[in-house]
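Enquirer: This one is upload.csv, CSV, C-alpha atoms.
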chain,number,residue,atom,x,y,z
A,64,MET,CA,94.9,115.8,66.4
A,65,THR,CA,95.8,114.0,69.6
A,66,GLU,CA,99.5,114.0,70.4
A,67,ILE,CA,101.8,112.5,73.0
A,68,ASN,CA,104.9,114.1,74.5
A,69,ALA,CA,106.6,111.6,76.7
A,70,ASP,CA,110.1,111.0,77.8
A,71,TRP,CA,110.0,107.4,76.5
A,72,LEU,CA,108.9,108.6,73.1
A,73,THR,CA,111.8,111.0,72.6
A,74,SER,CA,114.5,108.9,74.3
A,75,ASP,CA,117.7,107.9,72.4
A,76,GLY,CA,116.6,104.3,72.5
A,77,SER,CA,113.2,105.0,71.0
A,78,LYS,CA,114.7,107.2,68.3
A,79,ALA,CA,117.2,104.5,67.4
A,80,VAL,CA,114.5,101.8,67.1
A,81,THR,CA,112.0,103.8,65.1
A,82,GLY,CA,114.7,105.5,63.0
A,83,MET,CA,116.1,102.2,61.8
A,84,LEU,CA,112.6,101.3,60.4
A,85,THR,CA,111.5,104.7,59.0
A,86,ARG,CA,114.9,105.3,57.3
A,87,ALA,CA,114.3,102.0,55.4
A,88,GLY,CA,110.9,103.2,54.3
A,89,PHE,CA,108.7,101.2,56.8
A,90,GLU,CA,105.9,102.3,59.0
A,91,VAL,CA,106.3,102.0,62.7
A,92,TYR,CA,104.1,102.9,65.6
A,93,PHE,CA,104.1,102.5,69.3
A,94,VAL,CA,100.9,100.6,70.2
A,95,GLY,CA,98.8,99.4,73.0
A,96,GLY,CA,99.4,100.0,76.7
A,97,CYS,CA,102.2,102.6,76.4
A,98,VAL,CA,100.0,104.8,74.2
A,99,ARG,CA,96.9,104.2,76.3
A,100,ASN,CA,98.7,104.9,79.6
A,101,ALA,CA,100.4,108.0,78.3
A,102,LEU,CA,97.1,109.5,77.3
A,103,VAL,CA,95.7,109.2,80.8
A,104,GLU,CA,99.1,110.0,82.5
A,105,MET,CA,99.7,106.6,83.9
A,106,TYR,CA,103.0,104.9,84.3
A,107,VAL,CA,104.4,103.2,81.2
A,108,ALA,CA,106.3,100.0,81.7
A,109,ASP,CA,106.5,98.2,78.4
A,110,LEU,CA,107.1,99.6,74.9
A,111,ASP,CA,105.5,97.7,72.1
A,112,LEU,CA,105.6,98.7,68.5
A,113,ALA,CA,103.8,97.6,65.3
A,114,THR,CA,105.3,97.8,61.8
A,115,ASN,CA,104.7,96.6,58.3
A,116,ALA,CA,108.3,95.3,58.1
A,117,ARG,CA,108.6,91.5,58.3
A,118,PRO,CA,110.4,90.0,61.3
A,119,ASP,CA,113.5,89.0,59.3
A,120,VAL,CA,113.8,92.6,58.0
A,121,VAL,CA,113.4,94.0,61.5
A,122,MET,CA,116.2,91.7,62.8
A,123,LYS,CA,118.5,92.7,60.0
A,124,LEU,CA,117.9,96.4,60.4
A,125,ALA,CA,118.5,96.1,64.2
A,126,GLN,CA,121.7,94.2,63.7
A,127,ASP,CA,122.9,96.6,61.1
A,128,ALA,CA,122.2,99.4,63.5
A,129,GLY,CA,124.3,97.7,66.2
A,130,LEU,CA,121.3,96.9,68.4
A,131,LYS,CA,120.9,93.6,70.3
A,132,VAL,CA,118.2,91.3,69.1
A,133,ILE,CA,116.3,88.7,71.2
A,134,LEU,CA,114.2,86.1,69.4
A,135,THR,CA,111.5,85.6,72.0
A,136,GLY,CA,108.3,85.7,69.9
A,137,ILE,CA,109.5,85.2,66.3
A,138,ASP,CA,106.7,82.6,65.6
A,139,HIS,CA,104.2,85.3,66.3
A,140,GLY,CA,106.0,88.0,64.4
A,141,THR,CA,107.6,89.6,67.4
A,142,VAL,CA,111.3,90.6,67.6
A,143,THR,CA,112.6,92.1,70.8
A,144,VAL,CA,115.3,94.8,70.3
A,145,ILE,CA,117.4,96.2,73.1
A,146,ALA,CA,118.2,99.9,72.7
A,147,ASP,CA,119.8,102.0,75.4
A,148,HIS,CA,119.3,99.1,77.9
A,149,ARG,CA,115.5,99.0,77.3
A,150,PRO,CA,113.6,96.2,75.5
A,151,TYR,CA,111.3,97.1,72.6
A,152,GLU,CA,108.9,94.5,71.3
A,153,ILE,CA,108.4,95.0,67.6
A,154,THR,CA,105.6,93.0,66.0
A,155,THR,CA,104.7,92.9,62.3
A,156,TYR,CA,101.1,93.9,61.5
A,157,ARG,CA,99.0,90.7,61.7
A,158,THR,CA,95.6,89.4,61.0
A,159,ASP,CA,94.0,86.3,62.4
A,160,VAL,CA,93.5,83.4,60.0
A,161,GLU,CA,92.1,80.9,62.5
A,162,THR,CA,91.4,80.9,66.2
A,163,ASP,CA,90.3,78.3,68.7
A,164,GLY,CA,89.8,80.4,71.9
A,165,ARG,CA,93.4,79.8,73.0
A,166,HIS,CA,95.8,80.0,70.1
A,167,ALA,CA,95.6,81.9,66.8
A,168,VAL,CA,97.0,81.2,63.4
A,169,ILE,CA,98.1,84.5,62.1
A,170,ALA,CA,99.2,86.0,58.8
A,171,PHE,CA,101.3,89.0,58.3
A,172,SER,CA,99.5,92.1,57.0
A,173,ASP,CA,100.6,95.3,55.3
A,174,THR,CA,97.9,97.5,56.9
A,175,LEU,CA,97.5,99.1,60.3
A,176,GLN,CA,93.8,98.6,60.1
A,177,ASP,CA,94.1,94.8,59.9
A,178,ASP,CA,96.3,94.9,62.9
A,179,ALA,CA,93.9,97.1,64.9
A,180,VAL,CA,90.7,95.1,64.4
A,181,ARG,CA,92.3,91.9,65.7
A,182,ARG,CA,93.0,93.5,69.1
A,183,ASP,CA,90.7,93.2,72.1
A,184,PHE,CA,89.5,96.6,73.3
A,185,THR,CA,89.3,99.9,71.6
A,186,MET,CA,91.5,101.6,74.1
A,187,ASN,CA,94.2,99.0,73.4
A,188,ALA,CA,94.2,99.7,69.6
A,189,LEU,CA,95.8,103.2,69.8
A,190,TYR,CA,98.9,103.9,67.8
A,191,CYS,CA,101.5,106.6,68.2
A,192,ALA,CA,103.9,107.7,65.4
A,193,PRO,CA,107.5,108.6,66.3
A,194,ASP,CA,106.5,112.3,66.1
A,195,GLY,CA,103.9,111.8,68.8
A,196,SER,CA,100.8,111.9,66.7
A,197,VAL,CA,98.2,109.4,67.7
A,198,ILE,CA,96.2,107.3,65.3
A,199,ASP,CA,92.8,105.9,66.5
A,200,PRO,CA,91.4,103.5,63.9
A,201,VAL,CA,88.6,102.0,66.0
A,202,GLY,CA,87.4,104.8,68.3
A,203,GLY,CA,89.6,104.1,71.3
A,204,ILE,CA,90.2,107.7,72.4
A,205,PRO,CA,86.5,108.6,73.1
A,206,ASP,CA,86.2,105.3,75.0
A,207,LEU,CA,89.3,105.9,77.0
A,208,ARG,CA,88.2,109.5,77.9
A,209,ALA,CA,84.8,108.1,78.9
A,210,ASN,CA,86.3,105.3,81.0
A,211,HIS,CA,84.4,102.9,78.8
A,212,VAL,CA,86.0,99.5,78.3
A,213,ARG,CA,84.6,98.2,75.0
A,214,PHE,CA,85.4,95.3,72.7
A,215,ILE,CA,86.3,96.0,69.2
A,216,ASN,CA,83.4,95.3,66.9
A,217,ASP,CA,81.5,92.1,68.0
A,218,PRO,CA,82.3,91.2,71.7
A,219,ASP,CA,81.2,87.6,71.2
A,220,ALA,CA,83.6,87.2,68.2
A,221,ARG,CA,86.5,88.8,70.1
A,222,ILE,CA,86.0,86.5,73.1
A,223,ARG,CA,85.8,83.4,71.0
A,224,GLU,CA,89.1,84.3,69.5
A,225,ASP,CA,90.7,84.1,73.0
A,226,TYR,CA,88.7,83.3,76.1
A,227,LEU,CA,91.2,85.1,78.3
A,228,ARG,CA,89.6,88.3,77.0
A,229,ILE,CA,86.8,87.6,79.5
A,230,LEU,CA,89.2,88.1,82.4
A,231,ARG,CA,90.9,91.0,80.6
A,232,PHE,CA,87.5,92.7,80.2
A,233,PHE,CA,87.0,92.8,84.0
A,234,ARG,CA,90.7,93.6,84.6
A,235,PHE,CA,90.6,96.7,82.4
A,236,TYR,CA,87.3,97.7,83.9
A,237,ALA,CA,88.9,97.6,87.3
A,238,TRP,CA,91.8,99.8,86.1
A,239,PHE,CA,90.1,102.1,83.6
A,240,GLY,CA,86.4,101.8,84.0
A,241,ASP,CA,83.9,104.1,85.6
A,242,PRO,CA,82.0,102.3,88.4
A,243,GLU,CA,79.1,104.8,88.1
A,244,GLN,CA,78.7,104.0,84.5
A,245,GLY,CA,79.1,100.3,84.9
A,246,LEU,CA,80.4,97.7,82.4
A,247,ASP,CA,79.7,97.8,78.7
A,248,ALA,CA,76.4,95.8,78.5
A,249,ASP,CA,77.2,94.0,75.3
A,250,GLY,CA,80.6,93.0,76.6
A,251,LEU,CA,79.2,91.7,79.9
A,252,ALA,CA,76.5,89.7,78.1
A,253,ALA,CA,79.1,88.1,75.8
A,254,CYS,CA,81.2,87.2,78.8
A,255,ALA,CA,78.3,85.5,80.6
A,256,ALA,CA,77.5,83.6,77.4
A,257,ASN,CA,80.9,82.2,77.0
A,258,LEU,CA,81.6,80.8,80.5
A,259,ASP,CA,82.5,77.3,79.1
A,260,GLY,CA,85.5,78.9,77.4
A,261,LEU,CA,87.0,79.6,80.8
A,262,ASP,CA,87.6,75.9,81.3
A,263,THR,CA,90.1,75.9,78.5
A,264,LEU,CA,92.4,78.5,80.1
A,265,ALA,CA,95.7,77.6,81.7
A,266,LYS,CA,95.6,78.2,85.5
A,267,GLU,CA,98.7,80.3,85.2
A,268,ARG,CA,97.0,82.7,82.8
A,269,VAL,CA,94.0,82.9,85.0
A,270,GLN,CA,96.3,83.6,88.0
A,271,THR,CA,98.0,86.5,86.2
A,272,GLU,CA,94.7,88.2,85.3
A,273,ILE,CA,93.1,87.7,88.8
A,274,ILE,CA,96.2,89.2,90.5
A,275,LYS,CA,96.4,92.2,88.1
A,276,THR,CA,92.7,92.8,88.7
A,277,LEU,CA,93.1,92.7,92.5
A,278,LEU,CA,96.0,95.2,92.3
A,279,ALA,CA,93.7,97.9,90.8
A,280,ARG,CA,93.0,100.8,93.2
A,281,ASP,CA,89.5,99.5,93.8
A,282,PRO,CA,88.8,96.1,92.2
A,283,ALA,CA,85.5,95.6,94.2
A,284,PRO,CA,83.1,96.7,91.4
A,285,ALA,CA,84.9,94.5,88.8
A,286,MET,CA,84.9,91.5,91.2
A,287,ALA,CA,81.2,92.0,92.0
A,288,SER,CA,80.4,92.1,88.3
A,289,MET,CA,82.5,88.9,87.8
A,290,ALA,CA,80.3,87.3,90.5
A,291,ILE,CA,77.0,88.5,89.0
A,292,SER,CA,78.0,87.2,85.5
A,293,GLY,CA,79.0,83.8,86.8
A,294,VAL,CA,82.7,84.2,85.9
A,295,LEU,CA,84.0,84.4,89.5
A,296,LEU,CA,82.4,81.2,90.7
A,297,ARG,CA,83.3,79.4,87.5
A,298,LEU,CA,87.0,80.1,88.2
A,299,LEU,CA,87.0,80.1,92.0
A,300,PRO,CA,84.2,77.9,93.4
A,301,GLY,CA,83.0,79.2,96.8
A,302,ALA,CA,84.4,82.7,96.3
A,303,ASP,CA,82.4,85.7,97.7
A,304,ALA,CA,83.3,89.1,96.3
A,305,SER,CA,81.2,91.1,98.9
A,306,PRO,CA,84.0,91.5,101.6
A,307,LEU,CA,86.4,93.1,99.1
A,308,ALA,CA,84.7,96.5,99.1
A,309,ARG,CA,85.0,96.6,102.9
A,310,LEU,CA,88.7,95.7,102.7
A,311,VAL,CA,89.5,98.4,100.1
A,312,HIS,CA,87.7,101.0,102.3
A,313,LEU,CA,89.8,99.9,105.3
A,314,GLU,CA,93.0,100.1,103.3
A,315,GLU,CA,92.2,103.6,102.3
A,316,LYS,CA,91.3,104.5,105.9
A,317,LEU,CA,94.6,103.2,107.3
A,318,GLY,CA,96.6,104.4,104.3
A,319,ARG,CA,97.8,100.9,103.5
A,320,PRO,CA,98.9,99.8,100.0
A,321,ALA,CA,97.0,97.2,98.1
A,322,HIS,CA,98.1,93.6,99.0
A,323,TRP,CA,96.7,91.1,96.5
A,324,HIS,CA,97.2,88.2,98.9
A,325,THR,CA,94.9,89.8,101.4
A,326,ARG,CA,92.4,90.8,98.8
A,327,LEU,CA,92.4,87.3,97.5
A,328,ALA,CA,91.9,85.9,101.0
A,329,ALA,CA,89.0,88.3,101.4
A,330,ILE,CA,87.0,86.6,98.7
A,331,ASN,CA,88.0,83.2,100.0
A,332,PRO,CA,88.3,81.1,96.9
A,333,GLY,CA,88.9,77.8,98.8
A,334,ASP,CA,91.9,75.8,97.6
A,335,VAL,CA,93.7,78.8,96.1
A,336,ALA,CA,97.0,77.0,95.5
A,337,THR,CA,95.3,74.5,93.2
A,338,LEU,CA,92.7,76.8,91.6
A,339,LEU,CA,95.3,79.4,90.6
A,340,ARG,CA,98.4,77.3,90.7
A,341,LEU,CA,100.2,79.8,93.0
A,342,SER,CA,103.8,79.4,93.9
A,343,LYS,CA,104.8,77.9,97.2
A,344,ALA,CA,105.8,81.3,98.6
A,345,ASP,CA,102.5,82.9,97.5
A,346,THR,CA,100.5,80.0,99.0
A,347,ILE,CA,102.2,80.4,102.3
A,348,GLU,CA,101.6,84.1,102.4
A,349,PHE,CA,97.9,83.7,101.5
A,350,THR,CA,97.5,81.0,104.1
A,351,ARG,CA,99.1,82.9,106.9
A,352,ILE,CA,97.0,86.0,106.2
A,353,ARG,CA,93.8,83.9,105.9
A,354,GLU,CA,94.4,81.7,108.9
A,355,GLY,CA,95.7,84.6,111.0
A,356,ALA,CA,92.5,86.5,110.4
A,357,LEU,CA,90.3,83.6,111.5
A,358,SER,CA,92.4,82.7,114.5
A,359,GLU,CA,92.3,84.1,118.0
A,360,GLN,CA,96.0,85.0,118.1
A,361,ILE,CA,96.9,88.2,119.7
A,362,PRO,CA,98.7,90.8,117.5
A,363,SER,CA,102.0,90.3,119.3
A,364,ALA,CA,102.0,86.6,118.8
A,365,MET,CA,101.0,86.9,115.2
A,366,GLY,CA,103.6,89.6,114.6
A,367,TYR,CA,106.4,87.4,116.0
A,368,GLU,CA,105.4,84.4,114.0
A,369,VAL,CA,104.7,85.8,110.6
A,370,GLY,CA,106.2,89.3,110.7
A,371,GLY,CA,104.7,92.7,111.3
A,372,GLU,CA,103.4,93.5,107.9
A,373,LEU,CA,101.7,90.1,107.3
A,374,ALA,CA,100.2,90.3,110.8
A,375,ILE,CA,98.7,93.7,110.0
A,376,GLU,CA,97.2,92.3,106.8
A,377,ALA,CA,95.7,89.4,108.8
A,378,LEU,CA,94.3,91.9,111.4
A,379,MET,CA,92.8,94.0,108.6
A,380,LEU,CA,91.2,90.9,107.1
A,381,ARG,CA,90.0,89.9,110.6
A,382,GLU,CA,88.1,93.2,110.9
A,383,VAL,CA,86.6,92.7,107.4
A,384,LEU,CA,85.4,89.2,108.1
A,385,THR,CA,84.5,89.3,111.8
A,386,GLY,CA,84.0,92.9,112.7
A,387,GLN,CA,86.9,92.9,115.2
A,388,PRO,CA,88.5,96.3,114.7
A,389,VAL,CA,92.2,96.7,114.0
A,390,THR,CA,93.6,99.4,116.3
A,391,GLN,CA,96.8,101.4,116.1
A,392,ASP,CA,98.0,99.7,119.3
A,393,ALA,CA,97.5,96.3,117.6
A,394,MET,CA,99.5,97.3,114.6
A,395,ASP,CA,102.2,98.7,116.8
A,396,ALA,CA,102.3,95.5,118.8
A,397,ALA,CA,102.7,93.4,115.7
A,398,HIS,CA,105.6,95.5,114.5
A,399,PHE,CA,107.2,95.5,117.9
A,400,ALA,CA,106.9,91.7,118.1
A,401,ASN,CA,108.6,91.3,114.8
A,402,LEU,CA,111.8,92.9,116.2
A,403,GLN,CA,112.1,90.6,119.2
A,404,VAL,CA,114.6,87.8,119.6
A,405,PHE,CA,113.8,84.8,121.8
A,406,PRO,CA,116.5,84.8,124.4
A,407,VAL,CA,116.6,81.0,125.1
A,408,LYS,CA,118.6,78.6,122.9
A,409,ALA,CA,118.6,74.9,122.9
A,410,ASP,CA,122.0,74.6,124.5
A,411,HIS,CA,120.7,76.6,127.5
A,412,LEU,CA,118.4,73.6,128.3
A,413,MET,CA,120.8,70.7,127.6
A,414,PRO,CA,121.5,68.2,128.9
A,415,THR,CA,118.5,68.4,131.1
A,416,TYR,CA,116.3,68.3,128.1
A,417,GLU,CA,117.0,66.4,124.9
A,418,GLY,CA,115.2,65.2,121.8
A,419,LYS,CA,111.4,65.7,121.7
A,420,ALA,CA,111.5,66.9,125.3
A,421,LEU,CA,113.9,69.7,124.3
A,422,GLY,CA,111.6,70.8,121.5
A,423,ALA,CA,108.6,70.8,123.7
A,424,ARG,CA,110.4,72.8,126.4
A,425,LEU,CA,111.6,75.4,124.0
A,426,ALA,CA,108.0,75.7,122.6
A,427,TYR,CA,106.6,76.1,126.1
A,428,LEU,CA,109.1,78.8,127.1
A,429,LYS,CA,108.6,80.7,123.8
A,430,SER,CA,104.8,80.6,124.4
A,431,GLU,CA,105.3,82.0,127.9
A,432,TRP,CA,107.7,84.7,126.6
A,433,ILE,CA,105.2,85.8,123.9
A,434,LYS,CA,102.3,85.9,126.5
A,435,SER,CA,104.5,88.2,128.6
A,436,THR,CA,104.7,90.5,125.5
A,437,PHE,CA,108.4,89.7,125.4
A,438,ALA,CA,109.1,91.1,128.9
A,439,MET,CA,110.5,87.9,130.4
A,440,THR,CA,114.2,87.6,130.4
A,441,LYS,CA,116.4,84.6,129.8
A,442,ALA,CA,116.7,84.2,133.6
A,443,ASP,CA,113.0,84.5,134.0
A,444,LEU,CA,112.3,81.8,131.5
A,445,LEU,CA,114.9,79.4,132.7
A,446,ALA,CA,113.5,79.7,136.2
A,447,LEU,CA,110.1,78.6,135.2
A,448,PRO,CA,109.0,75.2,136.6
Using the file provided, produce a representation of the structure as structure tokens.
Expert:
Amino acid sequence: MTEINADWLTSDGSKAVTGMLTRAGFEVYFVGGCVRNALVEMYVADLDLATNARPDVVMKLAQDAGLKVILTGIDHGTVTVIADHRPYEITTYRTDVETDGRHAVIAFSDTLQDDAVRRDFTMNALYCAPDGSVIDPVGGIPDLRANHVRFINDPDARIREDYLRILRFFRFYAWFGDPEQGLDADGLAACAANLDGLDTLAKERVQTEIIKTLLARDPAPAMASMAISGVLLRLLPGADASPLARLVHLEEKLGRPAHWHTRLAAINPGDVATLLRLSKADTIEFTRIREGALSEQIPSAMGYEVGGELAIEALMLREVLTGQPVTQDAMDAAHFANLQVFPVKADHLMPTYEGKALGARLAYLKSEWIKSTFAMTKADLLALP
């Protein structure tokens, strides 16, 4: 029997949450990502549980145990319980009554099997009892060990229940799949056959999945498969996945962490702010990296204007897109520039210059100062004709 021995499983909070249900005679299992990640020794962030207790019963048991209850997903059978300062999402076993590709009408169930077969991939339908024993109702453990991302039962049916599962298929492949083995053929065919369903997805949901995919260690094979299947261009017209592999290789060569803005800029999906409904801050970061890479700015100028780290991202993207290599000297120059402070202030030029003339003069002096690689002093700059 497969077992898990993890700190989160044996913590006081977990014991309090599972104990309140088992003492009342109910089943309760940790489920999904926490179980999957524990089995492959990956970081566990969220703790989700499944139970045959109805939501109102879960709430009462939690309150009786002195635990805080947050009603965030009660309509879907989910109650969030806070124990030892950590949230536990407890969801009653469910089965789908009706789906439309975006929303599901659910009914509560009394069996773990019903709950399992409504999930997306076999590796996400793994359950762990409070004692650490793992239950695998749909064959998820062999798939997880084989790095095989596989839909539960009929891929086409799973996708038509929720078209976001197309993007999740590629995302999980990026994180857990084996590039040598490739994607599950039936799953890939089902994704390609349901492209129209992508048009029904909210841009925010698409954004989340794209970003999570790009943050995988090497998302290039998954993105290439998205392109081949037609998914990528359906979501991001004009995108080209081919530069991504070169960027990932360069990141590894330089020892740089994954930066999703740069990886997104590498595939160049056009009007990214609209297509993915990015925040203003993310749009600015994406644009600075993309435009910096395609500009002729020297590293010091770029570092001063957008910061050392963003400048390095832009220089890396420049190498990927144009072949102009990013050197250690260039990265050092970008970081050095980020620390510099322009020595001339507006009042140093007044009243000789005012209004637009003052702004133009400041811009000119700053340009000359940057060209000098920040060597010119205040006196040098004020002495310029």
Enquirer: Would you mind listing what lies within 8 Å of range 118-131 of chain A as a VMD selection string, with only C-alpha atoms counted and same-chain residues fewer than 2 positions away left out?
Expert: chain A and resid 80 83 to 84 116 133 137 140 to 142 144 to 146 153 to 155
Enquirer: Using all atoms listed in the file, which residue out of A:Ala79, A:Ala420, A:Ala220, A:Ala397 lies closest to Thr436 in chain A?
Expert: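 Nearest to Thr436 in chain A: A:Ala397.
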Enquirer: So which one's closest to Ala248 in chain A, A:Gln270, A:Ser288, A:Thr276, A:Thr350? Using all atoms listed in the file, please.
Expert: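 Looking only at the distances to Ala248 in chain A, the closest residue turns out to be A:Ser288.
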Enquirer: Could you give me, as an NGL selection string, the residues within 12 Å of Phe232 in chain A, counting all atoms listed in the file and dropping anything in the same chain fewer than 5 positions from it?
Expert: :A and (183-187 or 211-215 or 218 or 221-222 or 225-227 or 237-240 or 246-255 or 272-273 or 275-276 or 285-286 or 288-289 or 294)
Enquirer: Quick one: of A:Thr415, A:Asn68, A:Thr271, A:Gln176, who's nearest to Pro193 in chain A, counting all atoms listed in the file?
Expert: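 Among the listed residues, the smallest separation from Pro193 in chain A belongs to A:Asn68.
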Enquirer: If I take CA of Leu134 in chain A and CA of Val168 in chain A, how far is one from the other in Å, to one decimal?
Expert: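 Between CA of Leu134 in chain A and CA of Val168 in chain A the gap works out to 18.9 Å.
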Enquirer: Would you work out the distance separating CA of Gly386 in chain A from CA of Ala356 in chain A, expressed in Å to one decimal?
Expert: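 About the pair CA of Gly386 in chain A and CA of Ala356 in chain A: they are 10.9 Å apart.
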Enquirer: Quote the spacing between CA of His148 in chain A and CA of Glu66 in chain A in Å to one decimal place.
Expert: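 CA of Glu66 in chain A lies 25.9 Å from CA of His148 in chain A.
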Enquirer: Skip Lys408 in chain A itself and residues of its chain fewer than 5 positions away, then list as an MDAnalysis selection string all residues within 12 Å of it, counting all atoms listed in the file.
Expert: chainID A and resid 413 416 421:422 424:426 428:429 441 444:445
